[in-house]
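Participant: My structure is below; once you've seen it, I'll send some questions.
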Amino acid sequence: MFTLSSVSKHYATTIALDRLDLEIESGRTTALIGPSGAGKSSVLRMLIGLEWPDAGQVRFDGQPLRRDRLLEQRRRIGYVIQEGGLFPHLTAAENIGLLARAVGWTRQAINERAEALTRLCQLPDGALASYPSELSGGQRQRVGLIRALMLDPPVLLLDEPLGALDPIVRFELQAQMRELFSNLGKTVVLVTHDVAEAAYLAGTLVLMRDGRLIQQGTARELIDSPVESFVREFMTAQRSIADLP
Amino acid sequence: MRGAWVLLGLVLAGACLAQTADVVSPSVGSKNFTESVILGEIAAGLARNIDTTVSHRRQLGGTRILWRALEIGQIDVYAEYTGTLAQELLQMPGADEDELRKALGERGLAMTGPLGFNNTYALGLRRQLAAQLGIDSISDLRAHPGLRFGLSNEFMQRADGWPGLRKAYALAQTANGLDHDLAYRGLADGALDVTDLYRTDAEIPYYKLVVLDDDLDYFPSYQAVYLYRLDLRDRAPAWVAALESMAGTIDAATMQSLNARVKLEHEPESTVAADWLGIDAPISSGRAARIWTRTREHLALVGISLGLALIVALPLGVFAARRPRLGQVILTTTGLLQTLPSLAVFVFMIPLLGIGAKPAIAALFLYSLLPIVRNTHAGLTGISRELRETAAAIGLPAATRLWRIELPLALRMILAGIKTAAVINVGTATLGALIGAGGYGQPILAGIRLDDVGLILEGAIPAALLALIVQGLFEIVERLLTPKGLRLGARH
């Protein structure tokens with residue numbers, strides 16, 4: 001679905017991406033993982049055209065990303081950031097219907113679709129009329145997800161989607177999202193710093209460091225046959241409750 | 001965002017409602033001092049006496065403003081002094097009457113014969129101080145370099161005023177510029193020692209002043225005359241004849257007593273002029289009617305200038321936020337406009353827009369740009385990067401992003417800018433009276449000129465109330481227009 005060929009990106013003094021080659025398969029869930037500054041968010045932002053490579057090429061569905069066709073390409077991609085990225089002056093329903101309205105959907109079509117997605121994402125009924133500041137963190141995240149799914153895009157990009165949630169809500173949402181992804185059959189790319197979450201949600205993990213791809217494969221492959229010692233260290237670095245002395 | 005359009009509509013509608021029709025009948029102008037206003041009233045009285053309708057544009061800001069207005073036909077008549085005409089306006093020092101008439105004729109202007117008094121400049125100081133220091137003439141001032149000079153602003157700047165006088169008499173003192181009427185009060189309070197006077201000033205006896213002898217014959221002759229446009233001979237021949245017939249009829253003592261009746265006995269200029277002419281005084285409107293007229297004039301000045309500023313400044317602010325480099329140029333330029341002194345802007349506008357409400361509106365418009373542009377820019381650039389990027393990343397078209405996301409998020413800031421502009425405008429619009437724009441500045445100017453606190457308050461109180469009302473209205477509008485989600489957000 002996405003192909004990055006030899007993509008480089010520099011900021012003032014740092015290198016975000018260093019001649020990165022990456023293939024993201026269609027219809028699967030891919031998680032970008034790696035330490036801070038590895039360039040995983042840069043990759044995601046490049047897929048949606050918020051950043052442009054200094055060198056190399058990003059292709060979406062076989063087509064290079066182009067500024068003049070960006071709007072149309074973006075509408076085929078759902079985009080969710082931490083806390084949902086909701087607009088504070090609009091209700092949940094207005095946030096959800098914003099893009100559909102802009103592309104000319106009728107009010108009725110918007111309402112029907114919003115209701116269906118509300119059920120699918122298990123958002124309580126009253127929440128749609130509320131403003132973001134009246135919702136809980138988990139509810140905001142769900143509204144963000146619904147907004148992204150509104151036009152039924154083939155692709156979903158999620159940047160640290162569950163980062164700001166407390167552990168219980170997070171646990172619950174992880175389970176729901178996994179079910180959702182497998183039911184919808186979309187291409188999903190998510191960025192997370194939580195290895196367990198990545199392994200739980202995604203079939204393919206992409207481990208990055210210093211703007212380069214270190215290893216791409218299933219969680220099992222990364223653990224069983226790491227290409228270098230860093231992979232094993234990273235995959236096993238997180239503490240679990242089982243480590244309790 | 002629809003609310004913003006409603007607001008704009010209201011401002012413009014209010015402005016149109018308050019706008020008064022332009023007067024097309026012939027008009028006489030007067031400068032911002034009592035004698036000029038009385039002479040203006042006499043000219044207007046002469047017209048009334050022969051059933052010619054004329055309007056009197058009272059107490060305009062200064063010689064330049066009157067002269068330009070006469071040149072471009074915004075007024076048809078005003079009283080001037082031959083000295084000012086020769087030295088300042090025509091730049092022909094020492095020219096005699098015939099030469100002046102010829103130069104005026106080339107400009108499509110004419111003057112009547114001298115009215116009969118020579119109101120030349122003079123220097124004066126308190127009689128007691130003069131006796132104590134033994135000062136009789138201007139030359140005597142040289143011996144007392146510690147004397148404090150407070151001179152009228154116009155005298156300070158004229159080539160034939162202070163700079164020339166100081167050189168001719170080799171005076172060492174420096175002078176401060178201030179309003180002519182304030183200078184008299186400064187003399188009375190002992191805050192000043194020397195000021196410039198006009199020979200016919202009513203205050204000379206009142207404040208017990210002596211007029212110093214111009215022993216070097218520095219000051220030229222300042223014979224009062226009426227200047228008028230040549231084409232007035234066709235449009236109002238009877239009025240021109242009446243003006244011409246005034247030659248030689250007002251001597252210095254008469255003028256001083258007319259001035260005294262207005263300045264010291266607080267009679268209206270129109271009454272004093274009518275009395276002297278032996279005709280009925282015009283019916284003056286009551287205080288409430290006067291305030292209502294000024295309120296309408298003032299609202300027109302503020303409303304129209306603010307409405308126009310909104311139309312220009314909002315897009316400029318949006319543009320400045322979109323294009324940072326050009327944005328800096330826009331912000332700097334509107335900032336520079338803010339620093340221009342208002343009277344300078346008014347005078348600059350006269351050749352383009354004449355006198356009256358138009359140049360005042362143009363100046364107020366320029367002053368309104370900065371607060372609106374700056375706050376629009378700050379409001380838009382202050383939106384978090386996360387929200388701006390999300391709006392773009394989810395595929396919203398640019399117009400939807402601006403109208404549905406960015407402007408509503410910046411709305412509070414933008415409204416605060418408009419409010420600042422409106423409140424500043426209410427205050428600055430009072431200066432519009434200097435170029436005949438009317439409004440609350442009219443009674444304030446007259447009150448300062450006549451040392452009449454009641455008259456000053458008649459303008460100052462409504463102006464202050466209006467500023468408070470504008471402030472209050474904008475706070476209500478702000479509350480109504482702020483999206484509910486943001487108000488909730490602020491509480492959390």
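The chains in the structure tokens are called A, B, ... from first to last as shown; in each chain the residues are counted from 1, and the ligands are counted from 1 in the order shown.
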Set out as CSV a contact list for chain B and chain A with a cut-off of 8 Å, giving each residue of chain B that qualifies its closest atom pair and distance in Å to one decimal, counting only C-alpha atoms, ordered by chain and rising residue number.
Facilitator:
residue,atom,partner,partner_atom,distance
B:Glu386,CA,A:Gly85,CA,7.1
B:Leu387,CA,A:Gly85,CA,6.5
B:Glu389,CA,A:Leu50,CA,7.2
B:Thr390,CA,A:Gly85,CA,6.5
B:Ala393,CA,A:Ile48,CA,6.3
B:Ile394,CA,A:Tyr79,CA,6.0
B:Gly395,CA,A:Arg74,CA,5.0
B:Leu396,CA,A:Leu99,CA,5.9
B:Pro397,CA,A:Leu71,CA,7.0
B:Thr400,CA,A:Ala102,CA,7.1
B:Ile405,CA,A:Phe87,CA,7.4
B:Pro408,CA,A:His89,CA,7.4
B:Leu409,CA,A:His89,CA,7.0
B:Pro483,CA,A:His89,CA,5.5
B:Lys484,CA,A:His89,CA,6.6
B:Gly485,CA,A:His89,CA,4.3
B:Leu486,CA,A:His89,CA,5.2
B:Leu488,CA,A:Ser133,CA,6.6
B:Gly489,CA,A:Ser133,CA,5.6
B:His492,CA,A:Ser133,CA,7.3
Participant: So that I can see what lies close to A:Gly39, please list as a VMD selection string the residues with an atom at most 8 Å from it, counting only C-alpha atoms and leaving out residues fewer than 6 positions away in the same chain.
Facilitator: chain A and resid 16 to 17 208 to 212
Participant: Where in stretch 55-204 of chain A does DSSP assign helix (DSSP H, G or I), given as number ranges by chain?
Facilitator: A: 67-74, 82-85, 92-102, 107-120, 125-129, 132-134, 137-149, 167-184, 195-201
Participant: Could you list, as a list in words, every residue within 6 Å of B:Tyr228, counting only C-alpha atoms and ignoring same-chain residues fewer than 4 positions away?
Facilitator: Asp76, Val77, Leu109 and Ala110 of chain B
Participant: With C-alpha atoms retained, write the just-selected residues as a PDB file, in the first residue's frame.
Facilitator:
ATOM      1  CA  ASP B  76     -16.354  79.294  -0.134  1.00  0.00           C
ATOM      2  CA  VAL B  77     -15.462  81.994   2.395  1.00  0.00           C
ATOM      3  CA  LEU B 109      -9.754  83.381  -5.162  1.00  0.00           C
ATOM      4  CA  ALA B 110     -10.485  86.957  -4.097  1.00  0.00           C
TER       5      ALA B 110
END
Participant: Got a sec: who's within 12 Å of B:Arg64, counting only C-alpha atoms, leaving out chain neighbours fewer than 6 positions off, as a compact mmCIF listing (two decimals) with N, CA and C atoms, in the first residue's frame?
Facilitator:
# COMPACT_ATOMS: atom_id res chain seq x y z
N SER B 30 -14.37 78.65 9.58
CA SER B 30 -13.67 79.49 10.54
C SER B 30 -12.59 78.67 11.22
N LYS B 31 -11.56 79.37 11.68
CA LYS B 31 -10.46 78.70 12.37
C LYS B 31 -10.84 78.45 13.81
N ASN B 32 -9.99 77.67 14.47
CA ASN B 32 -10.29 77.23 15.82
C ASN B 32 -9.93 78.30 16.85
N LEU B 70 -10.55 75.97 1.07
CA LEU B 70 -11.00 77.04 0.19
C LEU B 70 -10.52 76.78 -1.24
N GLU B 71 -9.27 76.37 -1.36
CA GLU B 71 -8.70 76.10 -2.68
C GLU B 71 -9.48 75.04 -3.44
N GLU B 80 -9.46 85.82 6.96
CA GLU B 80 -8.02 85.60 7.04
C GLU B 80 -7.35 86.94 7.33
N THR B 84 -0.79 86.77 7.38
CA THR B 84 -0.75 85.32 7.19
C THR B 84 -0.76 84.98 5.70
N LEU B 85 -1.60 85.71 4.98
CA LEU B 85 -1.74 85.47 3.55
C LEU B 85 -0.40 85.69 2.85
N GLU B 88 2.65 83.28 4.90
CA GLU B 88 2.52 81.83 4.99
C GLU B 88 1.90 81.21 3.76
N LEU B 89 0.78 81.77 3.35
CA LEU B 89 -0.03 81.07 2.35
C LEU B 89 0.47 81.31 0.94
N LEU B 90 0.77 82.58 0.61
CA LEU B 90 1.21 82.88 -0.75
C LEU B 90 2.73 82.95 -0.85
N GLU B 154 0.79 77.19 16.61
CA GLU B 154 0.90 77.73 15.27
C GLU B 154 2.01 78.79 15.21
N ARG B 158 5.28 78.86 12.54
CA ARG B 158 5.24 79.74 11.37
C ARG B 158 6.60 80.41 11.18
N LEU B 343 -3.41 64.68 13.53
CA LEU B 343 -3.65 65.94 12.82
C LEU B 343 -2.91 65.93 11.48
N ALA B 344 -1.69 65.35 11.48
CA ALA B 344 -0.92 65.27 10.24
C ALA B 344 -1.67 64.43 9.21
N PHE B 346 -4.90 63.96 9.08
CA PHE B 346 -6.06 64.74 8.65
C PHE B 346 -5.67 65.71 7.54
N VAL B 347 -4.59 66.48 7.78
CA VAL B 347 -4.18 67.49 6.80
C VAL B 347 -3.77 66.82 5.50
N PHE B 348 -3.09 65.69 5.62
CA PHE B 348 -2.65 64.96 4.43
C PHE B 348 -3.85 64.50 3.60
N ILE B 350 -6.74 66.02 3.27
CA ILE B 350 -7.63 67.06 2.75
C ILE B 350 -7.59 67.20 1.21
N PRO B 351 -6.39 67.18 0.60
CA PRO B 351 -6.39 67.28 -0.86
C PRO B 351 -7.12 66.10 -1.51
N ILE B 355 -12.62 68.36 3.45
CA ILE B 355 -12.78 68.42 4.89
C ILE B 355 -14.10 67.74 5.25
N LEU B 434 -11.53 68.89 14.36
CA LEU B 434 -10.54 69.83 13.84
C LEU B 434 -10.66 70.00 12.33
N ILE B 435 -11.20 69.00 11.63
CA ILE B 435 -11.36 69.15 10.20
C ILE B 435 -12.84 69.11 9.82
Participant: Can you work out which one of A:Leu4, A:Leu117, A:Val155, A:Leu165 has the shortest atom-to-atom distance to A:Ser136, counting only C-alpha atoms?
Facilitator: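 Checking each candidate against A:Ser136, we get A:Leu165 as the closest.
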Participant: Using backbone DSSP assignments, extract all strand (DSSP E) residues from stretch 180-380 of chain B; output them as an MDAnalysis selection string.
Facilitator: chainID B and resid 194:198 209:211 224:229
Participant: Can those selected residues be exported to a file as a PDB file, in the first residue's frame so that it contains N, CA and C atoms?
Facilitator:
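Final output, saved to result.pdb:
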ATOM      1  N   VAL B 194       5.689  84.621  29.426  1.00  0.00           N
ATOM      2  CA  VAL B 194       5.474  85.342  28.171  1.00  0.00           C
ATOM      3  C   VAL B 194       4.688  84.466  27.216  1.00  0.00           C
ATOM      4  N   THR B 195       3.724  85.052  26.525  1.00  0.00           N
ATOM      5  CA  THR B 195       3.041  84.297  25.482  1.00  0.00           C
ATOM      6  C   THR B 195       2.783  85.213  24.296  1.00  0.00           C
ATOM      7  N   ASP B 196       2.388  84.576  23.184  1.00  0.00           N
ATOM      8  CA  ASP B 196       2.023  85.383  22.027  1.00  0.00           C
ATOM      9  C   ASP B 196       0.549  85.754  22.148  1.00  0.00           C
ATOM     10  N   LEU B 197       0.183  86.926  21.654  1.00  0.00           N
ATOM     11  CA  LEU B 197      -1.191  87.412  21.742  1.00  0.00           C
ATOM     12  C   LEU B 197      -1.623  87.870  20.373  1.00  0.00           C
ATOM     13  N   TYR B 198      -2.927  88.030  20.229  1.00  0.00           N
ATOM     14  CA  TYR B 198      -3.433  88.789  19.105  1.00  0.00           C
ATOM     15  C   TYR B 198      -3.890  90.122  19.684  1.00  0.00           C
ATOM     16  N   LEU B 209      -2.731  92.081  31.355  1.00  0.00           N
ATOM     17  CA  LEU B 209      -1.489  91.865  30.636  1.00  0.00           C
ATOM     18  C   LEU B 209      -1.049  93.167  29.974  1.00  0.00           C
ATOM     19  N   VAL B 210       0.246  93.291  29.729  1.00  0.00           N
ATOM     20  CA  VAL B 210       0.711  94.389  28.874  1.00  0.00           C
ATOM     21  C   VAL B 210       1.191  93.797  27.563  1.00  0.00           C
ATOM     22  N   VAL B 211       0.954  94.545  26.503  1.00  0.00           N
ATOM     23  CA  VAL B 211       1.428  94.145  25.187  1.00  0.00           C
ATOM     24  C   VAL B 211       2.758  94.840  24.963  1.00  0.00           C
ATOM     25  N   ALA B 224      -7.539  92.133   8.901  1.00  0.00           N
ATOM     26  CA  ALA B 224      -8.526  91.079   8.683  1.00  0.00           C
ATOM     27  C   ALA B 224      -9.267  91.335   7.376  1.00  0.00           C
ATOM     28  N   VAL B 225      -9.456  90.270   6.578  1.00  0.00           N
ATOM     29  CA  VAL B 225     -10.239  90.350   5.333  1.00  0.00           C
ATOM     30  C   VAL B 225     -11.048  89.063   5.219  1.00  0.00           C
ATOM     31  N   TYR B 226     -12.045  89.066   4.381  1.00  0.00           N
ATOM     32  CA  TYR B 226     -12.676  87.801   4.008  1.00  0.00           C
ATOM     33  C   TYR B 226     -12.044  87.317   2.721  1.00  0.00           C
ATOM     34  N   LEU B 227     -11.610  86.056   2.685  1.00  0.00           N
ATOM     35  CA  LEU B 227     -11.203  85.422   1.427  1.00  0.00           C
ATOM     36  C   LEU B 227     -12.409  84.679   0.885  1.00  0.00           C
ATOM     37  N   TYR B 228     -12.600  84.723  -0.429  1.00  0.00           N
ATOM     38  CA  TYR B 228     -13.690  83.921  -1.003  1.00  0.00           C
ATOM     39  C   TYR B 228     -13.303  83.421  -2.381  1.00  0.00           C
ATOM     40  N   ARG B 229     -14.027  82.445  -2.825  1.00  0.00           N
ATOM     41  CA  ARG B 229     -13.782  81.888  -4.159  1.00  0.00           C
ATOM     42  C   ARG B 229     -14.421  82.787  -5.211  1.00  0.00           C
TER      43      ARG B 229
END
Participant: Name the residues in contact with B:Asn153 at a cut-off of 10 Å, using only C-alpha atoms, excluding same-chain residues fewer than 4 positions from it; report them as a PDB file with N, CA and C atoms, in the first residue's frame.
Facilitator:
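Output below, filename out_5.pdb:
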ATOM      1  N   GLN B 157       5.503  77.471  14.920  1.00  0.00           N
ATOM      2  CA  GLN B 157       5.933  76.827  13.683  1.00  0.00           C
ATOM      3  C   GLN B 157       6.004  77.765  12.485  1.00  0.00           C
ATOM      4  N   ARG B 158       5.276  78.865  12.539  1.00  0.00           N
ATOM      5  CA  ARG B 158       5.241  79.739  11.370  1.00  0.00           C
ATOM      6  C   ARG B 158       6.597  80.414  11.176  1.00  0.00           C
ATOM      7  N   GLY B 161       6.657  83.561  12.732  1.00  0.00           N
ATOM      8  CA  GLY B 161       6.347  83.488  14.152  1.00  0.00           C
ATOM      9  C   GLY B 161       7.616  83.479  14.985  1.00  0.00           C
ATOM     10  N   TRP B 162       7.666  82.548  15.925  1.00  0.00           N
ATOM     11  CA  TRP B 162       8.770  82.503  16.879  1.00  0.00           C
ATOM     12  C   TRP B 162      10.158  82.386  16.248  1.00  0.00           C
ATOM     13  N   ASN B 176       8.056  76.764  24.781  1.00  0.00           N
ATOM     14  CA  ASN B 176       7.239  75.557  24.673  1.00  0.00           C
ATOM     15  C   ASN B 176       5.974  75.883  23.898  1.00  0.00           C
ATOM     16  N   GLY B 177       5.554  74.929  23.062  1.00  0.00           N
ATOM     17  CA  GLY B 177       4.333  75.138  22.295  1.00  0.00           C
ATOM     18  C   GLY B 177       3.136  74.632  23.066  1.00  0.00           C
ATOM     19  N   LEU B 178       2.041  75.367  23.049  1.00  0.00           N
ATOM     20  CA  LEU B 178       0.808  74.894  23.668  1.00  0.00           C
ATOM     21  C   LEU B 178      -0.374  75.623  23.057  1.00  0.00           C
ATOM     22  N   ASP B 179      -1.572  75.201  23.430  1.00  0.00           N
ATOM     23  CA  ASP B 179      -2.767  75.817  22.889  1.00  0.00           C
ATOM     24  C   ASP B 179      -2.865  77.269  23.364  1.00  0.00           C
ATOM     25  N   HIS B 180      -3.325  78.145  22.447  1.00  0.00           N
ATOM     26  CA  HIS B 180      -3.392  79.572  22.737  1.00  0.00           C
ATOM     27  C   HIS B 180      -4.205  79.866  24.001  1.00  0.00           C
TER      28      HIS B 180
END
Participant: So the first atom is atom CA of B:Arg48 and the second is atom CA of B:Ala242; what is the distance between them in Å, to one decimal place?
Facilitator: 10.8 Å
Participant: How many Å separate atom CA of A:Leu22 from atom CA of A:Ser42?
Facilitator: 12.9 Å
Participant: Hey, what's within 12 Å of stretch 244-261 of chain B if we count only C-alpha atoms and toss same-chain stuff fewer than 6 positions away? As a ChimeraX atom specification, please?
Facilitator: /B:33-39,41-43,46,77,79,110-120,198-207,222-228,233,237-238,267-277,449-450
Participant: Produce a file of the selected residues containing C-alpha atoms, as a PDB file, in the first residue's frame.
Facilitator:
ATOM      1  CA  PHE B  33     -10.285  80.559  17.693  1.00  0.00           C
ATOM      2  CA  THR B  34     -13.056  82.827  18.804  1.00  0.00           C
ATOM      3  CA  GLU B  35     -12.444  85.846  16.574  1.00  0.00           C
ATOM      4  CA  SER B  36     -12.448  83.664  13.490  1.00  0.00           C
ATOM      5  CA  VAL B  37     -15.660  81.966  14.598  1.00  0.00           C
ATOM      6  CA  ILE B  38     -17.311  85.370  15.219  1.00  0.00           C
ATOM      7  CA  LEU B  39     -16.247  86.610  11.773  1.00  0.00           C
ATOM      8  CA  GLU B  41     -20.900  83.956  12.138  1.00  0.00           C
ATOM      9  CA  ILE B  42     -20.997  87.527  10.795  1.00  0.00           C
ATOM     10  CA  ALA B  43     -20.512  86.185   7.247  1.00  0.00           C
ATOM     11  CA  LEU B  46     -25.035  88.485   6.266  1.00  0.00           C
ATOM     12  CA  VAL B  77     -15.462  81.994   2.395  1.00  0.00           C
ATOM     13  CA  ALA B  79     -11.792  85.322   7.405  1.00  0.00           C
ATOM     14  CA  ALA B 110     -10.485  86.957  -4.097  1.00  0.00           C
ATOM     15  CA  MET B 111     -10.445  89.029  -0.942  1.00  0.00           C
ATOM     16  CA  THR B 112     -12.621  91.821   0.410  1.00  0.00           C
ATOM     17  CA  GLY B 113     -11.196  95.156   1.509  1.00  0.00           C
ATOM     18  CA  PRO B 114      -9.673  95.179   5.032  1.00  0.00           C
ATOM     19  CA  LEU B 115     -12.434  94.953   7.624  1.00  0.00           C
ATOM     20  CA  GLY B 116     -10.887  97.700   9.719  1.00  0.00           C
ATOM     21  CA  PHE B 117      -8.672  96.183  12.392  1.00  0.00           C
ATOM     22  CA  ASN B 118      -5.080  94.993  12.461  1.00  0.00           C
ATOM     23  CA  ASN B 119      -4.850  91.867  14.555  1.00  0.00           C
ATOM     24  CA  THR B 120      -1.133  91.467  14.461  1.00  0.00           C
ATOM     25  CA  TYR B 198      -3.433  88.789  19.105  1.00  0.00           C
ATOM     26  CA  ARG B 199      -3.998  92.512  19.408  1.00  0.00           C
ATOM     27  CA  THR B 200      -7.768  92.080  19.641  1.00  0.00           C
ATOM     28  CA  ASP B 201      -7.732  89.340  22.274  1.00  0.00           C
ATOM     29  CA  ALA B 202     -10.426  89.830  24.874  1.00  0.00           C
ATOM     30  CA  GLU B 203      -8.162  88.464  27.586  1.00  0.00           C
ATOM     31  CA  ILE B 204      -5.575  91.273  27.468  1.00  0.00           C
ATOM     32  CA  PRO B 205      -7.476  93.526  29.883  1.00  0.00           C
ATOM     33  CA  TYR B 206      -9.068  90.591  31.693  1.00  0.00           C
ATOM     34  CA  TYR B 207      -5.813  88.951  32.711  1.00  0.00           C
ATOM     35  CA  TYR B 222      -2.395  91.551   9.960  1.00  0.00           C
ATOM     36  CA  GLN B 223      -5.440  93.254   8.457  1.00  0.00           C
ATOM     37  CA  ALA B 224      -8.526  91.079   8.683  1.00  0.00           C
ATOM     38  CA  VAL B 225     -10.239  90.350   5.333  1.00  0.00           C
ATOM     39  CA  TYR B 226     -12.676  87.801   4.008  1.00  0.00           C
ATOM     40  CA  LEU B 227     -11.203  85.422   1.427  1.00  0.00           C
ATOM     41  CA  TYR B 228     -13.690  83.921  -1.003  1.00  0.00           C
ATOM     42  CA  ARG B 233     -19.678  85.861  -7.461  1.00  0.00           C
ATOM     43  CA  PRO B 237     -23.579  87.535  -5.871  1.00  0.00           C
ATOM     44  CA  ALA B 238     -25.646  89.202  -3.148  1.00  0.00           C
ATOM     45  CA  GLU B 267     -22.558  84.512  24.875  1.00  0.00           C
ATOM     46  CA  PRO B 268     -22.876  82.311  21.776  1.00  0.00           C
ATOM     47  CA  GLU B 269     -20.911  83.628  18.767  1.00  0.00           C
ATOM     48  CA  SER B 270     -24.026  83.576  16.612  1.00  0.00           C
ATOM     49  CA  THR B 271     -25.888  85.865  19.044  1.00  0.00           C
ATOM     50  CA  VAL B 272     -22.985  88.302  19.335  1.00  0.00           C
ATOM     51  CA  ALA B 273     -22.601  88.450  15.557  1.00  0.00           C
ATOM     52  CA  ALA B 274     -26.342  88.874  14.973  1.00  0.00           C
ATOM     53  CA  ASP B 275     -26.556  91.612  17.615  1.00  0.00           C
ATOM     54  CA  TRP B 276     -23.772  93.556  16.022  1.00  0.00           C
ATOM     55  CA  LEU B 277     -25.334  93.163  12.563  1.00  0.00           C
ATOM     56  CA  ARG B 449     -11.514  77.690  23.287  1.00  0.00           C
ATOM     57  CA  LEU B 450     -14.075  79.387  25.514  1.00  0.00           C
TER      58      LEU B 450
END
Participant: State, in Å with one decimal place, the distance from atom CA of B:Ser152 to atom CA of B:Tyr169.
Facilitator: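 Taking atom CA of B:Ser152 and atom CA of B:Tyr169, their separation equals 18.8 Å.
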